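What's in work31.cif: mmCIF, C-alpha atoms
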```
data_run
#
loop_
_atom_site.label_atom_id
_atom_site.label_comp_id
_atom_site.auth_asym_id
_atom_site.auth_seq_id
_atom_site.Cartn_x
_atom_site.Cartn_y
_atom_site.Cartn_z
CA MET O 1 -31.37 -8.39 91.57
CA PRO O 2 -33.60 -5.27 91.40
CA LEU O 3 -32.48 -2.49 89.11
CA LYS O 4 -31.37 0.57 91.08
CA SER O 5 -30.84 4.19 90.20
CA ASN O 6 -29.54 7.15 92.15
CA ILE O 7 -32.38 9.22 90.69
CA PRO O 8 -35.85 8.57 92.16
CA SER O 9 -39.19 8.03 90.39
CA PRO O 10 -38.40 6.04 87.25
CA PHE O 11 -40.80 6.85 84.43
CA PRO O 12 -42.57 9.86 85.88
CA HIS O 13 -45.75 11.24 84.34
CA PRO O 14 -45.40 11.94 80.57
CA ASP O 15 -45.72 15.69 81.15
CA THR O 16 -42.77 15.46 83.53
CA LEU O 17 -40.67 13.76 80.86
CA ILE O 18 -41.54 16.47 78.35
CA LEU O 19 -40.94 19.31 80.77
CA ALA O 20 -37.68 17.72 81.89
CA GLY O 21 -36.41 17.95 78.35
CA VAL O 22 -36.67 14.59 76.58
CA THR O 23 -35.78 15.33 72.96
CA LEU O 24 -36.20 13.54 69.66
CA ARG O 25 -32.39 13.40 69.36
CA GLN O 26 -32.26 11.44 72.62
CA LEU O 27 -35.01 9.09 71.50
CA ARG O 28 -33.38 8.55 68.10
CA LEU O 29 -30.10 7.72 69.82
CA PHE O 30 -31.92 5.39 72.21
CA GLY O 31 -33.58 3.60 69.29
CA ALA O 32 -30.26 3.27 67.45
CA LEU O 33 -28.61 1.81 70.55
CA ALA O 34 -31.43 -0.71 70.91
CA ASP O 35 -30.91 -1.74 67.27
CA HIS O 36 -27.11 -1.82 67.17
CA GLY O 37 -26.14 -2.62 70.76
CA GLN O 38 -22.93 -0.56 70.57
CA MET O 39 -22.34 3.13 71.18
CA GLN O 40 -19.92 3.53 68.28
CA ARG O 41 -22.24 1.91 65.73
CA ALA O 42 -25.24 3.90 66.97
CA ALA O 43 -23.22 7.13 66.72
CA GLU O 44 -22.14 6.27 63.17
CA HIS O 45 -25.75 5.52 62.24
CA LEU O 46 -26.80 8.99 63.41
CA HIS O 47 -23.67 10.67 62.00
CA ILE O 48 -22.58 12.04 65.37
CA SER O 49 -19.48 11.49 67.51
CA GLN O 50 -19.32 8.77 70.15
CA PRO O 51 -18.90 11.33 73.00
CA ALA O 52 -22.02 13.16 71.75
CA ALA O 53 -23.94 9.87 71.70
CA SER O 54 -22.79 9.02 75.23
CA LYS O 55 -23.90 12.45 76.42
CA LEU O 56 -27.36 12.03 74.86
CA LEU O 57 -27.83 8.66 76.57
CA ALA O 58 -26.71 10.06 79.91
CA GLN O 59 -29.18 12.93 79.55
CA LEU O 60 -32.04 10.57 78.72
CA GLU O 61 -31.28 8.25 81.64
CA THR O 62 -31.17 11.27 83.96
CA VAL O 63 -34.60 12.43 82.83
CA VAL O 64 -36.09 8.92 82.98
CA GLY O 65 -34.54 8.28 86.38
CA ALA O 66 -33.17 4.84 85.56
CA GLN O 67 -30.49 3.12 83.56
CA LEU O 68 -31.89 1.77 80.30
CA PHE O 69 -29.17 -0.72 79.32
CA GLU O 70 -27.03 -3.36 80.91
CA ARG O 71 -23.37 -2.81 80.04
CA ARG O 72 -21.92 -6.12 78.88
CA PRO O 73 -18.57 -7.04 77.29
CA ARG O 74 -20.16 -7.34 73.84
CA GLY O 75 -22.21 -4.16 74.08
CA LEU O 76 -25.40 -2.70 75.47
CA VAL O 77 -28.51 -4.78 76.18
CA LEU O 78 -31.89 -3.31 77.10
CA ASN O 79 -33.01 -3.90 80.67
CA LEU O 80 -36.62 -3.88 81.86
CA PHE O 81 -36.79 -0.09 81.93
CA GLY O 82 -35.25 0.12 78.47
CA GLU O 83 -37.66 -2.42 76.99
CA SER O 84 -40.60 -0.48 78.41
CA LEU O 85 -39.38 2.87 77.11
CA LEU O 86 -38.52 1.43 73.69
CA ARG O 87 -42.15 0.57 72.93
CA HIS O 88 -43.20 4.16 73.52
CA ALA O 89 -40.16 5.66 71.81
CA GLN O 90 -40.82 3.63 68.66
CA ALA O 91 -44.43 4.84 68.60
CA ILE O 92 -43.32 8.47 68.99
CA LEU O 93 -40.72 8.22 66.24
CA THR O 94 -43.19 6.45 63.95
CA GLU O 95 -45.78 9.17 64.47
CA ILE O 96 -43.21 11.91 63.79
CA GLY O 97 -42.13 10.12 60.61
CA LEU O 98 -45.72 9.76 59.43
CA ALA O 99 -46.40 13.43 60.18
CA ALA O 100 -43.39 14.47 58.10
CA GLU O 101 -44.48 12.19 55.27
CA GLU O 102 -48.03 13.51 55.32
CA LEU O 103 -46.93 17.16 55.36
CA SER O 104 -44.62 16.46 52.45
CA ASP O 105 -47.44 14.75 50.53
CA LEU O 106 -49.79 17.67 51.12
CA ARG O 107 -47.15 20.21 50.03
CA ASN O 108 -46.45 18.22 46.87
CA GLY O 109 -50.11 17.73 45.98
CA ARG O 110 -50.18 14.02 46.66
CA GLY O 111 -53.18 14.38 48.95
CA GLY O 112 -51.98 12.66 52.13
CA ARG O 113 -51.77 9.07 53.29
CA VAL O 114 -54.38 6.61 54.55
CA ALA O 115 -53.73 3.04 55.73
CA VAL O 116 -56.83 0.94 56.33
CA GLY O 117 -57.41 -2.76 56.88
CA SER O 118 -60.43 -5.03 56.68
CA VAL O 119 -61.60 -8.57 57.05
CA MET O 120 -62.38 -9.94 53.62
CA ALA O 121 -66.11 -10.08 53.18
CA PRO O 122 -67.75 -6.86 54.26
CA ALA O 123 -65.39 -4.19 53.06
CA VAL O 124 -63.80 -4.62 49.67
CA GLU O 125 -66.52 -3.08 47.49
CA THR O 126 -67.51 -0.45 50.07
CA ILE O 127 -63.93 0.70 50.64
CA ALA O 128 -63.29 0.83 46.89
CA THR O 129 -66.30 3.11 46.44
CA ALA O 130 -65.19 5.40 49.27
CA VAL O 131 -61.65 5.55 47.86
CA ASN O 132 -62.93 6.61 44.45
CA GLU O 133 -65.04 9.35 46.02
CA LEU O 134 -62.14 10.72 48.06
CA ARG O 135 -59.77 10.57 45.10
CA ARG O 136 -61.96 13.04 43.25
CA GLU O 137 -61.09 15.54 45.96
CA LEU O 138 -57.49 14.35 46.50
CA PRO O 139 -56.31 12.97 43.14
CA ARG O 140 -52.91 11.93 44.51
CA LEU O 141 -54.15 10.29 47.70
CA ASN O 142 -51.74 7.57 48.85
CA ILE O 143 -53.80 4.72 50.27
CA THR O 144 -52.79 1.35 51.69
CA PHE O 145 -55.53 -1.29 51.90
CA GLU O 146 -54.85 -4.59 53.68
CA VAL O 147 -57.19 -7.62 53.88
CA GLU O 148 -56.38 -9.90 56.81
CA PRO O 149 -58.02 -11.69 59.78
CA SER O 150 -59.28 -9.55 62.66
CA GLU O 151 -56.50 -10.62 65.05
CA THR O 152 -53.80 -9.53 62.60
CA LEU O 153 -55.54 -6.27 61.74
CA VAL O 154 -55.99 -5.23 65.37
CA ALA O 155 -52.35 -6.05 66.15
CA ARG O 156 -51.22 -3.91 63.21
CA LEU O 157 -53.56 -1.14 64.33
CA LEU O 158 -51.86 -1.05 67.74
CA ALA O 159 -48.45 -1.10 66.04
CA HIS O 160 -49.33 2.08 64.04
CA ASP O 161 -49.23 0.18 60.74
CA LEU O 162 -52.90 1.00 60.09
CA ASP O 163 -55.01 4.07 60.84
CA PHE O 164 -58.25 2.15 61.41
CA VAL O 165 -59.76 -1.21 60.49
CA ILE O 166 -63.07 -2.85 59.62
CA ALA O 167 -63.02 -5.99 61.74
CA ARG O 168 -64.20 -7.77 64.86
CA LEU O 169 -62.61 -7.13 68.25
CA PRO O 170 -60.78 -10.34 69.23
CA ALA O 171 -61.62 -11.67 72.68
CA SER O 172 -57.90 -11.68 73.52
CA VAL O 173 -57.46 -7.88 73.36
CA ASP O 174 -58.28 -5.18 75.91
CA SER O 175 -61.39 -3.57 74.43
CA THR O 176 -60.82 -0.37 76.43
CA LEU O 177 -57.89 0.45 74.11
CA PHE O 178 -60.23 0.94 71.17
CA GLU O 179 -63.17 2.92 69.90
CA TYR O 180 -65.57 0.47 68.25
CA GLU O 181 -68.73 1.25 66.32
CA GLU O 182 -70.76 -1.71 65.13
CA LEU O 183 -71.58 -1.52 61.44
CA SER O 184 -73.49 -4.66 60.52
CA ASP O 185 -74.07 -8.35 60.91
CA GLU O 186 -72.59 -10.49 58.18
CA GLN O 187 -74.51 -13.13 56.28
CA ALA O 188 -72.97 -16.27 54.84
CA GLY O 189 -74.07 -19.16 52.66
CA LEU O 190 -72.97 -22.54 51.37
CA LEU O 191 -71.19 -22.26 48.03
CA VAL O 192 -70.93 -25.15 45.56
CA GLN O 193 -70.08 -25.86 41.93
CA ALA O 194 -72.67 -24.61 39.44
CA ASP O 195 -73.58 -28.23 38.51
CA HIS O 196 -73.60 -29.62 42.07
CA PRO O 197 -76.12 -32.48 42.65
CA LEU O 198 -77.75 -30.66 45.58
CA LEU O 199 -78.86 -27.87 43.26
CA LYS O 200 -81.09 -30.35 41.41
CA VAL O 201 -82.96 -31.94 44.32
CA PRO O 202 -86.70 -31.05 44.57
CA LYS O 203 -86.54 -30.09 48.24
CA PHE O 204 -83.15 -29.31 49.75
CA SER O 205 -82.41 -29.88 53.44
CA LEU O 206 -79.24 -29.39 55.45
CA SER O 207 -79.08 -33.11 56.25
CA MET O 208 -78.33 -33.75 52.56
CA THR O 209 -74.99 -31.96 52.89
CA MET O 210 -73.71 -34.74 55.15
CA ALA O 211 -73.15 -36.91 52.06
CA PHE O 212 -70.60 -34.46 50.64
CA PRO O 213 -67.18 -33.19 51.75
CA TRP O 214 -66.98 -29.78 53.39
CA LEU O 215 -64.28 -27.22 52.68
CA VAL O 216 -63.78 -25.34 55.95
CA GLN O 217 -61.25 -23.19 57.72
CA HIS O 218 -59.53 -24.54 60.80
CA ARG O 219 -61.47 -25.00 64.03
CA GLY O 220 -62.31 -21.74 65.77
CA SER O 221 -62.46 -19.63 62.61
CA LEU O 222 -65.44 -17.35 62.11
CA LEU O 223 -67.06 -19.16 59.15
CA ARG O 224 -66.53 -22.57 60.67
CA ARG O 225 -68.05 -21.52 64.00
CA GLY O 226 -71.06 -20.11 62.18
CA ALA O 227 -71.53 -23.23 60.07
CA GLU O 228 -71.20 -25.55 63.05
CA ALA O 229 -73.72 -23.51 65.04
CA MET O 230 -76.26 -23.64 62.17
CA LEU O 231 -75.85 -27.41 61.84
CA LEU O 232 -76.17 -27.97 65.59
CA ARG O 233 -79.47 -26.05 65.62
CA ASN O 234 -80.68 -28.63 63.13
CA GLY O 235 -79.38 -31.66 65.04
CA LEU O 236 -76.37 -32.13 62.74
CA THR O 237 -72.60 -32.03 63.02
CA ILE O 238 -70.19 -31.08 60.30
CA SER O 239 -69.40 -33.86 57.82
CA ASN O 240 -66.61 -36.31 58.59
CA GLN O 241 -65.38 -35.61 55.05
CA ILE O 242 -63.59 -32.40 55.97
CA ILE O 243 -60.94 -30.57 53.96
CA GLU O 244 -59.39 -27.85 56.13
CA SER O 245 -57.71 -24.81 54.62
CA ASP O 246 -57.38 -21.17 55.63
CA SER O 247 -56.29 -20.29 52.10
CA PHE O 248 -58.98 -18.58 50.02
CA LEU O 249 -57.22 -19.52 46.78
CA ALA O 250 -56.98 -23.18 47.79
CA THR O 251 -60.67 -23.15 48.71
CA VAL O 252 -61.67 -21.76 45.30
CA VAL O 253 -59.54 -24.30 43.43
CA LEU O 254 -60.79 -27.28 45.47
CA LEU O 255 -64.37 -26.11 45.18
CA SER O 256 -64.10 -25.89 41.40
CA VAL O 257 -62.86 -29.48 40.98
CA SER O 258 -65.01 -31.33 43.51
CA GLU O 259 -68.53 -31.68 44.88
CA ALA O 260 -67.46 -30.07 48.13
CA ILE O 261 -69.48 -27.51 50.07
CA ALA O 262 -67.82 -24.33 51.34
CA PRO O 263 -69.21 -21.90 53.92
CA MET O 264 -68.62 -18.46 52.40
CA SER O 265 -69.70 -14.92 53.20
CA ILE O 266 -72.47 -13.60 50.95
CA PRO O 267 -70.46 -10.68 49.47
CA VAL O 268 -67.59 -13.00 48.51
CA SER O 269 -70.01 -15.64 47.23
CA GLU O 270 -71.73 -13.13 44.99
CA LEU O 271 -68.39 -12.04 43.54
CA MET O 272 -67.51 -15.67 42.81
CA MET O 273 -70.92 -16.38 41.26
CA GLN O 274 -70.24 -13.67 38.70
CA MET O 275 -67.74 -16.10 37.16
CA GLY O 276 -70.63 -18.45 36.41
CA ARG O 277 -68.94 -21.46 37.99
CA PHE O 278 -70.48 -21.37 41.46
CA LYS O 279 -73.90 -21.09 43.10
CA LEU O 280 -75.33 -20.79 46.60
CA LEU O 281 -77.51 -23.48 48.07
CA LYS O 282 -80.94 -22.28 49.17
CA LEU O 283 -80.80 -22.60 52.95
CA PRO O 284 -83.87 -23.18 55.12
CA GLU O 285 -82.74 -20.48 57.59
CA PRO O 286 -80.40 -17.46 57.72
CA PHE O 287 -76.69 -18.22 58.14
CA LEU O 288 -75.48 -15.29 60.24
CA LEU O 289 -71.95 -14.49 61.39
CA GLU O 290 -70.76 -12.27 64.21
CA SER O 291 -71.19 -8.54 63.70
CA TYR O 292 -68.24 -6.39 62.68
CA GLY O 293 -67.43 -2.72 63.15
CA ILE O 294 -65.05 0.13 62.48
CA ILE O 295 -62.18 0.18 64.98
CA ARG O 296 -59.63 2.85 65.87
CA VAL O 297 -57.23 3.26 68.78
CA ARG O 298 -58.79 5.29 71.57
CA GLY O 299 -57.14 8.68 71.98
CA ARG O 300 -55.03 8.44 68.83
CA THR O 301 -55.46 11.55 66.69
CA LEU O 302 -56.26 10.94 63.04
CA SER O 303 -54.96 13.26 60.33
CA PRO O 304 -57.49 15.40 58.42
CA THR O 305 -57.16 13.11 55.40
CA VAL O 306 -57.68 9.95 57.45
CA THR O 307 -60.56 11.56 59.34
CA ALA O 308 -62.30 12.46 56.06
CA PHE O 309 -61.89 8.91 54.79
CA TYR O 310 -62.95 7.41 58.15
CA GLU O 311 -66.19 9.42 58.26
CA ARG O 312 -67.00 8.77 54.61
CA LEU O 313 -66.39 5.06 54.90
CA LYS O 314 -68.44 4.80 58.09
CA GLN O 315 -71.33 6.57 56.38
CA ARG O 316 -71.06 4.22 53.41
CA PHE O 317 -71.39 1.20 55.68
CA LEU O 318 -74.33 2.70 57.58
CA ASP O 319 -76.09 3.50 54.30
CA LYS O 320 -75.47 -0.05 53.13
CA LYS O 321 -76.85 -1.40 56.42
CA ARG O 322 -80.07 0.59 55.95
CA GLU O 323 -80.38 -0.65 52.36
CA ALA O 324 -79.93 -4.27 53.48
CA LYS O 325 -82.73 -3.90 56.04
CA SER O 326 -85.07 -2.71 53.30
CA ILE O 327 -84.42 -5.80 51.16
CA LYS O 328 -86.52 -8.82 52.07
CA PRO O 329 -84.58 -12.09 52.60
CA ALA O 330 -86.58 -13.68 49.78
CA ASN O 331 -84.94 -11.33 47.32
CA ARG O 332 -81.46 -12.72 48.11
CA LYS O 333 -79.93 -14.45 45.09
CA VAL O 334 -79.70 -18.14 45.88
CA HIS O 335 -80.09 -21.27 43.85
CA GLY O 336 -81.46 -24.67 44.54
#
```
Full structure transcribed into structure tokens:
Amino acid sequence: MPLKSNIPSPFPHPDTLILAGVTLRQLRLFGALADHGQMQRAAEHLHISQPAASKLLAQLETVVGAQLFERRPRGLVLNLFGESLLRHAQAILTEIGLAAEELSDLRNGRGGRVAVGSVMAPAVETIATAVNELRRELPRLNITFEVEPSETLVARLLAHDLDFVIARLPASVDSTLFEYEELSDEQAGLLVQADHPLLKVPKFSLSMTMAFPWLVQHRGSLLRRGAEAMLLRNGLTISNQIIESDSFLATVVLLSVSEAIAPMSIPVSELMMQMGRFKLLKLPEPFLLESYGIIRVRGRTLSPTVTAFYERLKQRFLDKKREAKSIKPANRKVHG
């Protein structure tokens, strides 16, 4: 049965809601009701009386032009209008909370808050350098740095958990929601034990890898797609001796105790080679992955601290991209 209201135009234009008098107290009450499902418990949570809570809900439903809950014997349950409003209300309350936190940090000399995420390979060293630079200006900068797959990072970006991310835009998301600036292509290689037999052959070819197990992520992952594409260009398919794992730690451990071959991004490979236990095979052609970029939500205002970090980090990546173009492929550290 369609939801009905005596008040026309449910969910008018945002300006109408503001001008009509939607308040943070109403939204806080609405959020508490969504969490607790009972007027009395929501009122206790906000330290107000039950009649005051009922009045706030009635005011909000009047402004919205629709009932937001179904009244059931065990309490209140969000209806379709309520579920829709809740998503926006949570975002508003989150932003207000972050603003209060940032203002407090600035007053207390902590330097503000930045939350950034990145896929593993391209960003760790570059972000660390940018953080150190910004900390010289803001010694008590509070920064959160998350390393996760692109799909997870973009979801957290939309949920206000992160200010911006270094990642790839997943095909499953609406690209119009984001501002995306491409930063660079990513190169990968084939990592092996430092004493792997393929490092000793006079003339290495990709066909030789078919005699060894491959350590790969699950089908559809970025590195696996890149490796499969490279092999197909050379008339090969990935070895039948496959060990699948999305765990970086498991990959490192298995690689260190076997003659397996692991597709790995160049920045991560070079970090691992510093341990002296791993080397890259010398490939007959470049092993390129999809490009990545810096992503933020379109129309979402960044704080001055986040903006400063965003611009500095973007410049760092662009500088690094120019440096990479000036280095000939023959100068890349590989072994074989």
query: Got a sec to resolve the PyMOL selection byres ((chain O and resi 155-157) around 10) on this structure and send the residues as a ChimeraX atom specification?
result: /O:115-117,150-154,158-165,170,173,178,295-297
Written selection (C-alpha atoms) as a PDB file, in the coordinates of the input:
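New file out_9.pdb:
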```pdb
ATOM      1  CA  ALA O 115     -53.730   3.040  55.730  1.00  0.00           C
ATOM      2  CA  VAL O 116     -56.830   0.940  56.330  1.00  0.00           C
ATOM      3  CA  GLY O 117     -57.410  -2.760  56.880  1.00  0.00           C
ATOM      4  CA  SER O 150     -59.280  -9.550  62.660  1.00  0.00           C
ATOM      5  CA  GLU O 151     -56.500 -10.620  65.050  1.00  0.00           C
ATOM      6  CA  THR O 152     -53.800  -9.530  62.600  1.00  0.00           C
ATOM      7  CA  LEU O 153     -55.540  -6.270  61.740  1.00  0.00           C
ATOM      8  CA  VAL O 154     -55.990  -5.230  65.370  1.00  0.00           C
ATOM      9  CA  LEU O 158     -51.860  -1.050  67.740  1.00  0.00           C
ATOM     10  CA  ALA O 159     -48.450  -1.100  66.040  1.00  0.00           C
ATOM     11  CA  HIS O 160     -49.330   2.080  64.040  1.00  0.00           C
ATOM     12  CA  ASP O 161     -49.230   0.180  60.740  1.00  0.00           C
ATOM     13  CA  LEU O 162     -52.900   1.000  60.090  1.00  0.00           C
ATOM     14  CA  ASP O 163     -55.010   4.070  60.840  1.00  0.00           C
ATOM     15  CA  PHE O 164     -58.250   2.150  61.410  1.00  0.00           C
ATOM     16  CA  VAL O 165     -59.760  -1.210  60.490  1.00  0.00           C
ATOM     17  CA  PRO O 170     -60.780 -10.340  69.230  1.00  0.00           C
ATOM     18  CA  VAL O 173     -57.460  -7.880  73.360  1.00  0.00           C
ATOM     19  CA  PHE O 178     -60.230   0.940  71.170  1.00  0.00           C
ATOM     20  CA  ILE O 295     -62.180   0.180  64.980  1.00  0.00           C
ATOM     21  CA  ARG O 296     -59.630   2.850  65.870  1.00  0.00           C
ATOM     22  CA  VAL O 297     -57.230   3.260  68.780  1.00  0.00           C
TER      23      VAL O 297
END
```
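Taking CA of Phe248 in chain O and CA of Leu199 in chain O as endpoints, the distance between them is 23.0 Å.
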message: Given the PyMOL selection byres ((chain O and resi 124-129) around 12) and the file above, list the residues it selects as number ranges by chain.
response: O: 114-123, 130-136, 143-148, 165-166, 267-268, 270-271, 294, 309-321
- request: Translate the PyMOL selection byres ((chain O and resi 214) around 10), as applied to the file shown, into an explicit residue set as a PyMOL selection string.
  value: chain O and resi 190+192+209-213+215-217+238-244+255+259-263
- prompt: Quick one, how far is CA of Leu78 in chain O from CA of Glu44 in chain O?
  reply: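 Value for the CA of Leu78 in chain O-CA of Glu44 in chain O distance: 19.5 Å.
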- prompt: Taking only C-alpha atoms into account, which of O:Ala89, O:Lys282, O:Gln26, O:Val77 comes nearest Val201 in chain O?
  reply: O:Lys282
- prompt: Could you work out how far CA of Asp246 in chain O lies from CA of Leu288 in chain O, giving the answer in Å with one decimal?
  reply: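 Spanning CA of Leu288 in chain O to CA of Asp246 in chain O is a straight-line distance of 19.6 Å.
Remark: for Leu85 in chain O, the closest of the candidate residues O:Leu27, O:Leu138, O:Leu33, O:Ala43 is O:Leu27 (distances computed over all atoms listed in the file).
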message: Please list as a PyMOL selection string every residue within 10 Å of Phe204 in chain O, counting only C-alpha atoms and excluding residues in the same chain fewer than 6 positions away.
response: chain O and resi 198+281-284+336
- request: Counting only C-alpha atoms, figure out which residue out of O:Asp185, O:Met264, O:Ala194, O:Gly97 gets nearest to Gly276 in chain O.
  value: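 Closest to Gly276 in chain O of all the choices is O:Ala194.
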message: Using only C-alpha atoms for the distances, tell me which of O:Ala308, O:Leu249, O:Ile266, O:Leu68 is nearest to Gly37 in chain O.
response: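 So, comparing all the options, the nearest one is O:Leu68.
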